[in-house]
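Student: What follows is target.tsv; its format and atoms are TSV, C-alpha atoms and all ligand atoms.
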chain	number	residue	atom	x	y	z
B	1	MET	CA	21.21	6.98	-14.30
B	2	ASN	CA	19.04	6.09	-11.30
B	3	GLU	CA	17.14	9.33	-11.33
B	4	LEU	CA	13.87	9.83	-9.47
B	5	LYS	CA	10.74	10.93	-11.30
B	6	LEU	CA	7.52	11.60	-9.44
B	7	TYR	CA	4.32	11.46	-11.49
B	8	SER	CA	1.86	13.61	-9.64
B	9	TYR	CA	-1.36	15.59	-9.82
B	10	GLU	CA	-1.40	18.98	-8.12
B	11	ALA	CA	-4.56	18.45	-6.07
B	12	CYS	CA	-3.82	14.86	-5.06
B	13	PRO	CA	-3.28	14.34	-1.31
B	14	TYR	CA	-1.55	10.99	-1.94
B	15	ALA	CA	0.95	12.55	-4.34
B	16	GLN	CA	1.50	15.29	-1.75
B	17	ARG	CA	2.59	12.60	0.70
B	18	THR	CA	5.29	11.41	-1.67
B	19	GLN	CA	6.45	14.88	-2.52
B	20	MET	CA	6.74	15.65	1.19
B	21	ALA	CA	8.89	12.54	1.72
B	22	LEU	CA	11.16	13.47	-1.19
B	23	LEU	CA	11.56	17.01	0.17
B	24	GLU	CA	12.14	15.84	3.75
B	25	LYS	CA	14.83	13.47	2.53
B	26	GLN	CA	16.31	16.25	0.40
B	27	LEU	CA	16.35	14.09	-2.70
B	28	ASP	CA	16.59	15.50	-6.21
B	29	TYR	CA	13.65	14.51	-8.34
B	30	GLU	CA	11.77	15.50	-11.42
B	31	LEU	CA	8.10	16.35	-10.89
B	32	ILE	CA	5.88	15.33	-13.79
B	33	GLU	CA	2.29	16.55	-13.62
B	34	VAL	CA	-0.32	14.20	-15.04
B	35	ASP	CA	-3.63	15.81	-15.93
B	36	LEU	CA	-6.04	13.17	-14.63
B	37	TYR	CA	-8.92	14.86	-16.47
B	38	ASP	CA	-7.11	14.76	-19.81
B	39	ARG	CA	-4.73	11.82	-19.49
B	40	PRO	CA	-1.73	11.72	-21.78
B	41	SER	CA	-1.58	8.63	-24.01
B	42	TRP	CA	1.63	7.34	-22.38
B	43	TRP	CA	0.09	7.33	-18.89
B	44	ALA	CA	-1.84	4.06	-19.32
B	45	ASP	CA	1.37	2.26	-20.38
B	46	LEU	CA	3.31	3.57	-17.40
B	47	SER	CA	0.81	3.26	-14.58
B	48	PRO	CA	-0.66	-0.19	-13.86
B	49	TYR	CA	-3.95	1.21	-12.54
B	50	GLY	CA	-3.82	4.78	-13.64
B	51	LYS	CA	-3.32	6.42	-10.27
B	52	VAL	CA	-0.86	9.02	-9.07
B	53	PRO	CA	1.50	9.11	-7.30
B	54	LEU	CA	3.88	6.91	-9.20
B	55	LEU	CA	7.63	6.95	-8.67
B	56	LYS	CA	10.08	5.93	-11.34
B	57	HIS	CA	13.55	5.20	-10.03
B	58	GLY	CA	15.81	4.31	-12.92
B	59	GLU	CA	13.78	1.60	-14.67
B	60	GLY	CA	11.88	0.65	-11.49
B	61	ILE	CA	8.27	1.64	-10.91
B	62	VAL	CA	6.72	2.00	-7.45
B	63	TYR	CA	3.19	3.14	-6.69
B	64	GLU	CA	0.84	3.52	-3.70
B	65	SER	CA	1.89	6.55	-1.65
B	66	ALA	CA	2.67	4.74	1.62
B	67	ILE	CA	4.69	2.11	-0.23
B	68	ILE	CA	6.59	4.70	-2.25
B	69	ASN	CA	7.47	6.47	0.98
B	70	GLU	CA	8.70	3.24	2.59
B	71	TYR	CA	10.68	2.54	-0.59
B	72	LEU	CA	12.36	5.96	-0.32
B	73	GLU	CA	13.09	5.26	3.33
B	74	ASP	CA	14.56	1.81	2.55
B	75	THR	CA	16.62	3.12	-0.35
B	76	PHE	CA	17.93	6.42	0.97
B	77	GLY	CA	19.31	6.50	4.51
B	78	ASN	CA	19.62	10.28	4.75
B	79	HIS	CA	17.15	12.19	6.92
B	80	PRO	CA	15.40	9.10	8.33
B	81	LEU	CA	11.62	9.23	8.46
B	82	LEU	CA	11.02	6.13	10.58
B	83	PRO	CA	12.20	5.55	14.16
B	84	ALA	CA	15.37	3.47	14.60
B	85	ASP	CA	13.86	1.18	17.25
B	86	SER	CA	11.94	-1.75	15.73
B	87	LEU	CA	9.00	-1.52	18.14
B	88	ARG	CA	8.62	2.19	17.41
B	89	ARG	CA	8.85	1.44	13.68
B	90	ALA	CA	6.04	-1.09	14.07
B	91	GLN	CA	3.99	1.50	15.97
B	92	ALA	CA	4.64	4.05	13.21
B	93	ARG	CA	3.42	1.53	10.61
B	94	ILE	CA	0.29	0.85	12.65
B	95	TRP	CA	-0.60	4.54	12.50
B	96	ILE	CA	0.26	4.76	8.80
B	97	ALA	CA	-2.19	1.90	8.20
B	98	TYR	CA	-4.75	3.45	10.58
B	99	CYS	CA	-4.89	6.60	8.49
B	100	ASP	CA	-6.01	4.75	5.36
B	101	ALA	CA	-8.09	2.08	7.11
B	102	TYR	CA	-10.04	4.24	9.61
B	103	PHE	CA	-9.41	7.98	9.48
B	104	MET	CA	-9.85	8.57	5.76
B	105	PRO	CA	-12.87	6.25	5.39
B	106	ALA	CA	-14.53	8.07	8.31
B	107	CYS	CA	-14.03	11.36	6.44
B	108	HIS	CA	-15.05	9.95	3.07
B	109	LYS	CA	-18.25	8.52	4.51
B	110	LEU	CA	-19.34	12.10	5.21
B	111	ILE	CA	-18.89	12.89	1.54
B	112	GLU	CA	-20.64	9.74	0.34
B	113	ASP	CA	-23.67	10.13	2.60
B	114	ARG	CA	-24.04	13.91	2.19
B	115	ARG	CA	-27.68	13.51	1.06
B	116	ASP	CA	-28.64	11.31	4.02
B	117	PRO	CA	-29.02	13.41	7.22
B	118	ASN	CA	-29.73	10.41	9.47
B	119	GLN	CA	-26.67	8.53	8.32
B	120	GLN	CA	-24.61	11.71	8.77
B	121	ILE	CA	-25.41	11.74	12.50
B	122	GLU	CA	-23.90	8.27	12.76
B	123	ASN	CA	-20.98	9.27	10.51
B	124	ARG	CA	-20.15	12.29	12.67
B	125	ARG	CA	-20.31	10.16	15.81
B	126	ASN	CA	-17.96	7.67	14.20
B	127	LEU	CA	-15.54	10.38	13.08
B	128	ARG	CA	-15.47	11.78	16.61
B	129	GLU	CA	-14.58	8.33	17.97
B	130	VAL	CA	-11.79	8.05	15.43
B	131	PHE	CA	-10.42	11.44	16.54
B	132	LEU	CA	-10.58	10.49	20.21
B	133	PHE	CA	-8.86	7.19	19.45
B	134	MET	CA	-6.05	9.01	17.62
B	135	GLU	CA	-5.71	11.56	20.43
B	136	ALA	CA	-5.43	8.79	23.07
B	137	GLY	CA	-2.96	6.86	20.90
B	138	MET	CA	-0.76	9.90	20.39
B	139	ARG	CA	-0.74	10.65	24.12
B	140	GLN	CA	0.39	7.08	24.79
B	141	LEU	CA	3.25	7.55	22.35
B	142	GLY	CA	4.52	10.59	24.28
B	143	ASP	CA	4.57	14.36	24.23
B	144	GLY	CA	5.17	15.12	20.59
B	145	PRO	CA	5.06	17.60	19.02
B	146	TYR	CA	4.99	15.14	16.10
B	147	TRP	CA	2.88	11.98	15.93
B	148	MET	CA	5.65	9.66	17.12
B	149	GLY	CA	7.36	12.18	19.39
B	150	ALA	CA	10.15	14.69	18.90
B	151	ARG	CA	10.99	13.63	15.35
B	152	PHE	CA	8.98	14.10	12.18
B	153	THR	CA	8.18	10.76	10.53
B	154	LEU	CA	6.22	9.10	7.74
B	155	VAL	CA	3.22	9.03	10.10
B	156	ASP	CA	3.06	12.83	10.00
B	157	ILE	CA	3.29	12.73	6.22
B	158	GLN	CA	0.54	10.13	6.00
B	159	PHE	CA	-2.00	12.33	7.81
B	160	ALA	CA	-0.87	15.84	6.87
B	161	PRO	CA	-2.64	16.25	3.48
B	162	PHE	CA	-5.94	15.16	5.02
B	163	ALA	CA	-5.55	17.49	8.00
B	164	GLU	CA	-4.95	20.26	5.43
B	165	ARG	CA	-8.23	19.43	3.66
B	166	PHE	CA	-10.22	18.98	6.87
B	167	ALA	CA	-11.43	22.60	6.87
B	168	CYS	CA	-13.29	21.77	3.63
B	169	TYR	CA	-14.91	18.70	5.18
B	170	ALA	CA	-16.01	20.94	8.03
B	171	ALA	CA	-17.35	23.68	5.73
B	172	LEU	CA	-19.21	21.36	3.36
B	173	TRP	CA	-20.15	18.32	5.43
B	174	GLN	CA	-19.98	19.60	9.04
B	175	ALA	CA	-17.09	17.37	9.99
B	176	GLU	CA	-15.83	18.22	13.47
B	177	TRP	CA	-12.28	18.15	14.75
B	178	PRO	CA	-12.99	17.85	18.50
B	179	GLU	CA	-11.63	20.76	20.54
B	180	GLU	CA	-10.43	18.49	23.31
B	181	CYS	CA	-7.93	16.84	20.94
B	182	SER	CA	-5.15	19.13	22.13
B	183	ARG	CA	-2.31	16.75	21.22
B	184	LEU	CA	-3.68	16.55	17.67
B	185	ASN	CA	-4.12	20.33	17.47
B	186	ALA	CA	-0.52	20.89	18.58
B	187	TRP	CA	0.58	18.21	16.10
B	188	PHE	CA	-0.96	20.00	13.13
B	189	ASP	CA	0.36	23.38	14.29
B	190	HIS	CA	3.85	21.90	14.05
B	191	VAL	CA	3.32	19.97	10.83
B	192	ARG	CA	2.07	23.03	8.99
B	193	GLN	CA	5.37	24.80	9.79
B	194	ARG	CA	7.48	22.17	8.00
B	195	ASP	CA	9.01	23.32	4.73
B	196	SER	CA	7.87	20.09	3.07
B	197	PHE	CA	4.28	20.93	3.99
B	198	ARG	CA	4.50	24.60	3.10
B	199	GLN	CA	5.94	23.77	-0.30
B	200	THR	CA	3.21	21.27	-1.15
B	201	CYS	CA	0.05	22.62	0.50
B	202	HIS	CA	-2.73	24.71	-1.05
B	203	ASP	CA	-5.10	27.21	0.48
B	204	GLN	CA	-8.69	26.43	1.33
B	205	ASP	CA	-10.10	28.14	-1.81
B	206	PHE	CA	-8.07	25.81	-4.01
B	207	HIS	CA	-9.49	22.75	-2.26
B	208	MET	CA	-13.03	24.14	-1.92
B	209	GLN	CA	-13.29	24.59	-5.69
B	210	ARG	CA	-12.60	20.90	-6.13
B	211	TYR	CA	-14.66	19.58	-3.22
B	212	ARG	CA	-17.69	21.64	-4.28
B	213	LYS	CA	-17.73	19.51	-7.43
B	214	TYR	CA	-18.08	16.36	-5.30
B	215	ASP	CA	-20.70	18.10	-3.23
B	216	GLN	CA	-22.77	18.97	-6.29
B	217	ALA	CA	-22.42	15.58	-7.96
B	218	SER	CA	-25.55	13.47	-7.48
V	301	LIG	N1	-4.11	4.38	-2.46
V	301	LIG	C1	-3.52	5.25	-3.45
V	301	LIG	C2	-4.56	6.28	-3.85
V	301	LIG	C3	-4.08	7.16	-5.02
V	301	LIG	C4	-5.25	7.87	-5.68
V	301	LIG	O1	-6.42	7.57	-5.44
V	301	LIG	N2	-4.93	8.86	-6.53
V	301	LIG	C5	-5.97	9.52	-7.30
V	301	LIG	C6	-5.74	11.03	-7.34
V	301	LIG	S1	-5.87	11.80	-5.75
V	301	LIG	C7	-5.90	9.06	-8.74
V	301	LIG	O2	-4.85	8.91	-9.30
V	301	LIG	N3	-7.06	8.85	-9.36
V	301	LIG	C8	-7.15	8.48	-10.74
V	301	LIG	C9	-7.90	7.21	-10.95
V	301	LIG	O3	-8.40	6.62	-9.98
V	301	LIG	O4	-7.98	6.78	-12.10
V	301	LIG	C10	-2.26	5.89	-2.87
V	301	LIG	O5	-2.14	5.99	-1.64
V	301	LIG	O6	-1.35	6.24	-3.65
For the file at hand, write its structure as structure tokens.
Tutor:
Amino acid sequence: MNELKLYSYEACPYAQRTQMALLEKQLDYELIEVDLYDRPSWWADLSPYGKVPLLKHGEGIVYESAIINEYLEDTFGNHPLLPADSLRRAQARIWIAYCDAYFMPACHKLIEDRRDPNQQIENRRNLREVFLFMEAGMRQLGDGPYWMGARFTLVDIQFAPFAERFACYAALWQAEWPEECSRLNAWFDHVRQRDSFRQTCHDQDFHMQRYRKYDQAS
């Protein structure tokens, strides 16, 4: 049987992406929690580099959240999560890549350099530029409410878990989501209403408990 199994970790934003795609596409799947702090013996045999999410489809193994989500999109035509037009698909993929190549590193730099106030000034300036770049890019794409327009896509899924955690970056490392980013604000207001988000998100206390550990680590 070609059943779908998602190996996940509850707090993992990348695994959340995959779970959101599975829910949006209304696919049946088995959710298997892997305790990354007490790894089961079978995990090393299954996962080539030990990271969640990992999708098992029949005997096939796929990992890397963005690639799993594209695999689901390629394999299951129901409830499409990429635009039909090839130029719009390319644009969607550009933003999917942008999230991991620019947005997340800009956030993570604030965590890494938390003990270096001078570097944090530069990091906050850089994060602001990233936000303004995303805002301008979204406006060029159209009115929304979602990233690519009227329809929810893999781009929304790519960013959503990090938008959810952003309040923690703000509380702990003074990250700022610029007020003038009105298209982005409206985007997240809509994303947080999606069932796939509501079923996979956690409240700020849940995330703060985990991020405080990073904050306290030397
Ligand atoms: N680029 C990967 C990142 C996945 C990732 O970093 N997952 C973390 C949990 S949030 C993990 O499994 N860490 C365990 C490890 O690195 O050994 C993706 O998008 O799937």
Student: Mind pulling up the distance from atom CA of B:Tyr71 to atom CA of B:Ile94?
Tutor: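 About the pair atom CA of B:Ile94 and atom CA of B:Tyr71: they are 16.9 Å apart.
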Student: In terms of the shortest atom-to-atom distance over all atoms listed in the file, which of B:Glu176, B:Phe76, B:Trp147, B:Ile157 is closest to B:Arg124?
Tutor: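 Looking only at the distances to B:Arg124, the closest residue turns out to be B:Glu176.
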Student: I'd like the contact shell of stretch 195-200 of chain B - 7 Å cut-off, only C-alpha atoms, skipping same-chain residues fewer than 3 positions apart - returned as number ranges by chain.
Tutor: B: 16, 20, 23-24, 191-192
Student: Under the rule that only C-alpha atoms and all ligand atoms are counted, which of B:Leu4, B:Leu36, B:Ala160, B:Leu82 is the nearest residue to ligand LIG 301 (chain V)?
Tutor: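 The shortest atom-to-atom distance to ligand LIG 301 (chain V) comes from B:Leu36.
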Student: May I ask you to write as a PyMOL selection string all residues lying at most 10 Å from ligand LIG 301 (chain V), with all atoms listed in the file counted?
Tutor: chain B and resi 7-18+34-37+39+44+47+49-54+62-69+100+158
Student: In Å, with one decimal, what is the gap from atom CA of B:Asp215 to atom CA of B:Tyr98?
Tutor: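 Computed distance, atom CA of B:Asp215 to atom CA of B:Tyr98, equals 25.7 Å.
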Student: Using only C-alpha atoms for the distances, tell me which of B:Cys107, B:Leu172, B:Leu154, B:Leu184 is nearest to B:Ala90.
Tutor: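 Of all the options, B:Leu154 lies closest to B:Ala90.
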Student: Between B:Phe166, B:Trp95, B:Trp177, B:Phe188, which has the minimum distance to B:Leu132 (counting all atoms listed in the file)?
Tutor: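 Using all atoms listed in the file, B:Leu132 sits closest to B:Trp177.
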Student: Return the single residue from B:Met134, B:Gln120, B:Ile111, B:Phe152 that is closest to B:Gln216, with distances computed using all atoms listed in the file.
Tutor: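 Among B:Met134, B:Gln120, B:Ile111, B:Phe152, it is B:Ile111 that comes nearest to B:Gln216.
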Student: To one decimal place, how far is atom CA of B:Leu127 from atom CA of B:Ala106 in Å?
Tutor: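 About the pair atom CA of B:Leu127 and atom CA of B:Ala106: they are 5.4 Å apart.
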Student: Counting all atoms listed in the file, which residue out of B:Ala150, B:Leu6, B:Ala101, B:Met138 sits closest to B:Ala21?
Tutor: B:Leu6
